[in-house]
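Worksheet for the structure shown next.
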Amino acid sequence: MYALARGTAAVAALLLLAGCMGTAAPASRPAAAPPPAASAPAAATHAPNTGPHNAADVMFLQMLVTHHEQGLTMVRLAAERATRDEVRTLAAAIEVTQAAEVETMRSWLRGWGEATEADPAEHLHADHGGLPLTSEDLIGALDTVSGAEFEKRFLNLLIGHQHNAVEMARNQTKYGTNPEARQLAERVDLSRTAQIQQMLAYLD
Amino acid sequence: MRRLIALPILVVGTVLTSLAIAAPAQAHGYISSPPSRQAQCAQGIVTNCGDIQWEPQSVEGPKGLRSCSGGNARFSVLDNDSKGWRVTNVSGTTTFNWVITARHATSTWEYYIGNTRVAQFNDGGRQPGPTVTHQVNLSGFSGRQKLLAVWNVADTPMAFYVCVDLQIGGGGNPPPTTPPPTNPPPTTGPTPTNPPQTGGTWRAGTAYSVGDQVTYNGVTYRCRQAHTAIAGWEPPHVAALWQQV
């Protein structure tokens, strides 16, 4: 009974994921975020990811690419406009690490012949907690403020954003099969949880 | 040909079922400042909190409750008033800031002290903005109080519950209990204080500057981007932060 229930859940999850993948339409997405190459000093070596993979792996990477691009939009604003050194330092470190992760994930997806991002406008993603905010929402919330108010909004937004990354990563460790994508998910889980701790301290 | 028709029906049926099965504990929101009980668990300043440490945004329960845990047994630590929660000094009108991870259409936001509703904000079913801030007048209260905030979702029977421990009034207009340290104690990542050290000088929680050198697993790295080290950012995994020497 247990095995049956588990099997059913797994199949259902995969079909749900397949639904998400069907929505990936990179061609229709305006190039909102600049390519991260300029800000990724490390010429990360993109070793081909030839391990086995499933639909969950593909969706995880596509969603995380899109999610990261939104995060990059925020941290780039903070690197210029945050008032405290420690907030700017964290924003800058998140920028370079997430930009490098985006490059790696795109290279894996290209190697698998898949679209390299998800469509952030799709409600289907929001329905399972994936992509609840658009870049326009984020920029709109940050564009009109400065100083301490900017920092407060930025930190609350990025904390929520990284909570979403943790959720995606935990789904991946449940449903994904690709070893490298699963390792990436573990590092995302750990590092974003620690970033949230830092940011909550900055809000005190 | 018949199969082509049958398959989509099966898929639709299964996907609908899966929404209940596969959807993770859906993320929503909590009060980040003044630091709520779940925020203190997530930040690690109150320890041994259990699951809530990883998902402070998930304290969801049926509408109408008056409990910090929203009736969730696995978050029952939030109901424990003697857990050593940090108390924030406030007076008069106090600002409450929320972290929102899913923007549910909202009927109301309510703030209670005891059985008294001290404030209500009616969103009329609208979706909240990406950030939510409320000003609540607490001038009718004094001393140590447990404030309960309730986020009532418009299109489900559910609400989200958050408790904040406050010291109201008493001493003019005090700054928050714990002013931000200029350099907050470095966080240690979600694993216990020291993640497994595999040999080397790299340590989570250390602030590194450009040019600093560490060893990790017998390999030497030079810092190329200033940052505070955290679990998940070990030198071999983040070439954007560390260059092998």
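Labeling convention for the structure tokens: chains A, B, ... as they appear, residues from 1 per chain, ligands from 1 in order of appearance.
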Would you list the contacts of Leu147 (chain B) as a VMD selection string, taking every protein, DNA or RNA residue within 8 Å and counting only C-alpha atoms, but skipping same-chain residues closer than 4 positions in sequence? chain B and resid 111 to 114 163 to 166
Leaving out region 45-61 of chain B and any residue of its chain fewer than 4 positions from it, which residues lie within 7 Å of it when counting only C-alpha atoms, given as JSON, numbers by chain? {"B": [25, 26, 27, 28, 29, 30, 38, 39, 40, 41, 69, 70, 71, 74, 75, 77, 85, 158, 159, 160, 161]}
Residues from last step as file, N, CA and C atoms, as a tab-separated table (two decimals), in the first residue's frame:
chain	number	residue	atom	x	y	z
B	25	ALA	N	4.80	21.79	0.97
B	25	ALA	CA	4.21	22.70	1.95
B	25	ALA	C	4.31	24.08	1.32
B	26	GLN	N	3.19	24.60	0.90
B	26	GLN	CA	3.22	25.83	0.13
B	26	GLN	C	3.74	26.98	0.97
B	27	ALA	N	4.53	27.79	0.35
B	27	ALA	CA	5.18	28.88	1.06
B	27	ALA	C	4.32	30.11	1.07
B	28	HIS	N	4.44	30.90	2.12
B	28	HIS	CA	3.54	32.04	2.19
B	28	HIS	C	4.17	33.26	2.84
B	29	GLY	N	4.28	33.31	4.18
B	29	GLY	CA	4.87	34.51	4.73
B	29	GLY	C	4.92	34.52	6.25
B	30	TYR	N	5.69	35.50	6.78
B	30	TYR	CA	5.83	35.67	8.23
B	30	TYR	C	6.39	37.06	8.49
B	38	GLN	N	9.01	32.60	14.62
B	38	GLN	CA	9.57	31.76	13.55
B	38	GLN	C	10.78	32.39	12.89
B	39	ALA	N	10.83	33.75	12.87
B	39	ALA	CA	12.02	34.41	12.32
B	39	ALA	C	13.23	34.14	13.21
B	40	GLN	N	13.01	34.11	14.53
B	40	GLN	CA	14.13	33.84	15.44
B	40	GLN	C	14.64	32.41	15.27
B	41	CYS	N	13.72	31.48	14.99
B	41	CYS	CA	14.15	30.10	14.71
B	41	CYS	C	14.93	30.04	13.40
B	69	SER	N	1.11	28.59	16.61
B	69	SER	CA	1.48	27.51	15.70
B	69	SER	C	0.42	27.25	14.64
B	70	GLY	N	-0.69	27.97	14.71
B	70	GLY	CA	-1.77	27.72	13.76
B	70	GLY	C	-2.29	26.29	13.86
B	71	GLY	N	-2.10	25.67	15.03
B	71	GLY	CA	-2.61	24.32	15.23
B	71	GLY	C	-1.75	23.23	14.60
B	74	ARG	N	3.64	20.00	14.28
B	74	ARG	CA	5.09	20.01	14.07
B	74	ARG	C	5.70	21.39	14.30
B	75	PHE	N	4.85	22.41	14.46
B	75	PHE	CA	5.36	23.74	14.79
B	75	PHE	C	5.00	24.13	16.23
B	77	VAL	N	6.41	24.18	18.91
B	77	VAL	CA	7.40	24.95	19.66
B	77	VAL	C	7.02	26.43	19.71
B	85	TRP	N	12.29	33.35	23.86
B	85	TRP	CA	12.17	34.22	22.69
B	85	TRP	C	12.77	35.59	23.00
B	158	MET	N	-8.05	29.23	4.86
B	158	MET	CA	-6.85	29.20	5.69
B	158	MET	C	-6.34	30.60	6.06
B	159	ALA	N	-5.50	30.61	7.08
B	159	ALA	CA	-4.82	31.83	7.51
B	159	ALA	C	-3.40	31.47	7.91
B	160	PHE	N	-2.55	32.49	8.03
B	160	PHE	CA	-1.19	32.30	8.51
B	160	PHE	C	-1.03	33.00	9.84
B	161	TYR	N	-0.28	32.36	10.74
B	161	TYR	CA	-0.18	32.81	12.12
B	161	TYR	C	1.27	33.15	12.47
Find the residues near region 173-190 of chain A: any atom within 7 Å, counting only C-alpha atoms, skip ones fewer than 2 places away on the same chain, and give them as an MDAnalysis selection string. (chainID A and resid 51:54 56:57 166 169:171 192:194) or (chainID B and resid 189:190 231:232)
Find the residue from A:Ala201, A:Ala55, A:Ala118, A:Ala79 that sits nearest to chain B; use only C-alpha atoms when measuring. A:Ala201
Tell me which protein, DNA and RNA residues are within 9 Å of Ala154 (chain B), counting only C-alpha atoms, leaving out same-chain ones fewer than 5 positions away, and put them as a list in words. His104, Ala105, Thr106, Ser107, Thr108, Gly124, Gly125, Arg126 and Ala159 of chain B
If you run DSSP over the backbone, which residues in region 58-226 of chain B end up strand (DSSP E or B)? Put them as a PyMOL selection string. chain B and resi 60-62+88-90+93-100+106-113+116-122+132-137+143-153+158-168+200+207-208+213-216+219-223
Can you tell me how far CA of Ile159 (chain A) sits from CA of Leu78 (chain B), in Å to one decimal?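 The value is 20.5 Å.
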What's the 9 Å shell around Trp112 (chain A), counting only C-alpha atoms, without same-chain residues fewer than 6 positions away, as number ranges by chain? A: 49-50, 53, 58
Extract, using only C-alpha atoms, all DNA, RNA and protein residues at most 12 Å from Gly140 (chain A), discarding same-chain residues fewer than 5 positions from it, and format them as a list in words. Thr73, Met74, Leu77, Leu133, Thr134, Ser135, Val145, Phe150, Arg153, Phe154 and Leu157 of chain A; Gly129, Pro130 and Thr131 of chain B
Could you write those residues out with N, CA and C atoms, as a PDB file, in the first residue's frame?
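Generated output (out-v3.pdb):
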ATOM      1  N   THR A  73      18.613  40.638 -10.603  1.00  0.00           N
ATOM      2  CA  THR A  73      18.053  41.984 -10.762  1.00  0.00           C
ATOM      3  C   THR A  73      18.061  42.718  -9.422  1.00  0.00           C
ATOM      4  N   MET A  74      17.668  42.021  -8.373  1.00  0.00           N
ATOM      5  CA  MET A  74      17.609  42.653  -7.057  1.00  0.00           C
ATOM      6  C   MET A  74      18.994  42.949  -6.494  1.00  0.00           C
ATOM      7  N   LEU A  77      20.765  45.960  -7.910  1.00  0.00           N
ATOM      8  CA  LEU A  77      20.289  47.232  -7.351  1.00  0.00           C
ATOM      9  C   LEU A  77      20.907  47.470  -5.981  1.00  0.00           C
ATOM     10  N   LEU A 133       6.742  35.869  -8.025  1.00  0.00           N
ATOM     11  CA  LEU A 133       6.898  37.288  -8.324  1.00  0.00           C
ATOM     12  C   LEU A 133       7.578  37.452  -9.673  1.00  0.00           C
ATOM     13  N   THR A 134       7.261  38.540 -10.353  1.00  0.00           N
ATOM     14  CA  THR A 134       7.940  38.831 -11.604  1.00  0.00           C
ATOM     15  C   THR A 134       9.062  39.839 -11.347  1.00  0.00           C
ATOM     16  N   SER A 135       9.966  39.945 -12.280  1.00  0.00           N
ATOM     17  CA  SER A 135      11.032  40.941 -12.145  1.00  0.00           C
ATOM     18  C   SER A 135      10.447  42.337 -12.046  1.00  0.00           C
ATOM     19  N   VAL A 145      12.494  53.851  -3.795  1.00  0.00           N
ATOM     20  CA  VAL A 145      12.931  54.096  -2.422  1.00  0.00           C
ATOM     21  C   VAL A 145      14.450  54.118  -2.335  1.00  0.00           C
ATOM     22  N   PHE A 150      15.047  51.410   1.394  1.00  0.00           N
ATOM     23  CA  PHE A 150      15.474  50.497   0.327  1.00  0.00           C
ATOM     24  C   PHE A 150      16.017  49.213   0.924  1.00  0.00           C
ATOM     25  N   ARG A 153      13.259  46.939   2.377  1.00  0.00           N
ATOM     26  CA  ARG A 153      12.465  46.247   1.347  1.00  0.00           C
ATOM     27  C   ARG A 153      13.298  45.197   0.634  1.00  0.00           C
ATOM     28  N   PHE A 154      14.537  45.574   0.302  1.00  0.00           N
ATOM     29  CA  PHE A 154      15.417  44.636  -0.398  1.00  0.00           C
ATOM     30  C   PHE A 154      15.600  43.354   0.416  1.00  0.00           C
ATOM     31  N   LEU A 157      12.432  41.270   0.532  1.00  0.00           N
ATOM     32  CA  LEU A 157      12.189  40.634  -0.774  1.00  0.00           C
ATOM     33  C   LEU A 157      13.145  39.477  -1.016  1.00  0.00           C
TER      34      LEU A 157
ATOM     35  N   GLY B 129       1.097  43.451  -2.161  1.00  0.00           N
ATOM     36  CA  GLY B 129       2.305  43.794  -2.902  1.00  0.00           C
ATOM     37  C   GLY B 129       3.434  42.849  -2.531  1.00  0.00           C
ATOM     38  N   PRO B 130       4.576  43.008  -3.203  1.00  0.00           N
ATOM     39  CA  PRO B 130       5.713  42.125  -2.914  1.00  0.00           C
ATOM     40  C   PRO B 130       6.257  42.311  -1.501  1.00  0.00           C
ATOM     41  N   THR B 131       6.065  43.491  -0.941  1.00  0.00           N
ATOM     42  CA  THR B 131       6.431  43.684   0.459  1.00  0.00           C
ATOM     43  C   THR B 131       5.200  44.202   1.191  1.00  0.00           C
TER      44      THR B 131
END
Assign secondary structure with DSSP using the backbone only, and return the residues of region 20-129 of chain B in alpha helix (DSSP H) as a list of chain:residue names.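 Put together, the selection reads B:Ala20, B:Ile21, B:Ala22, B:Arg37, B:Gln38, B:Ala39, B:Gln40, B:Cys41, B:Ala42, B:Gln43.
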Neighbours of Thr94 (chain B) within 10 Å (only C-alpha atoms; same-chain residues fewer than 4 positions away dropped), as a PyMOL selection string? chain B and resi 34+89-90+134-139+168
Just how far from CA of Asn152 (chain B) is CA of Asn122 (chain B), in Å to one decimal?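 Interatomic distance here is 9.7 Å.
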Separating CA of Met59 (chain A) from CA of Glu117 (chain A), to the nearest tenth of an Å, is a gap of 8.7 Å
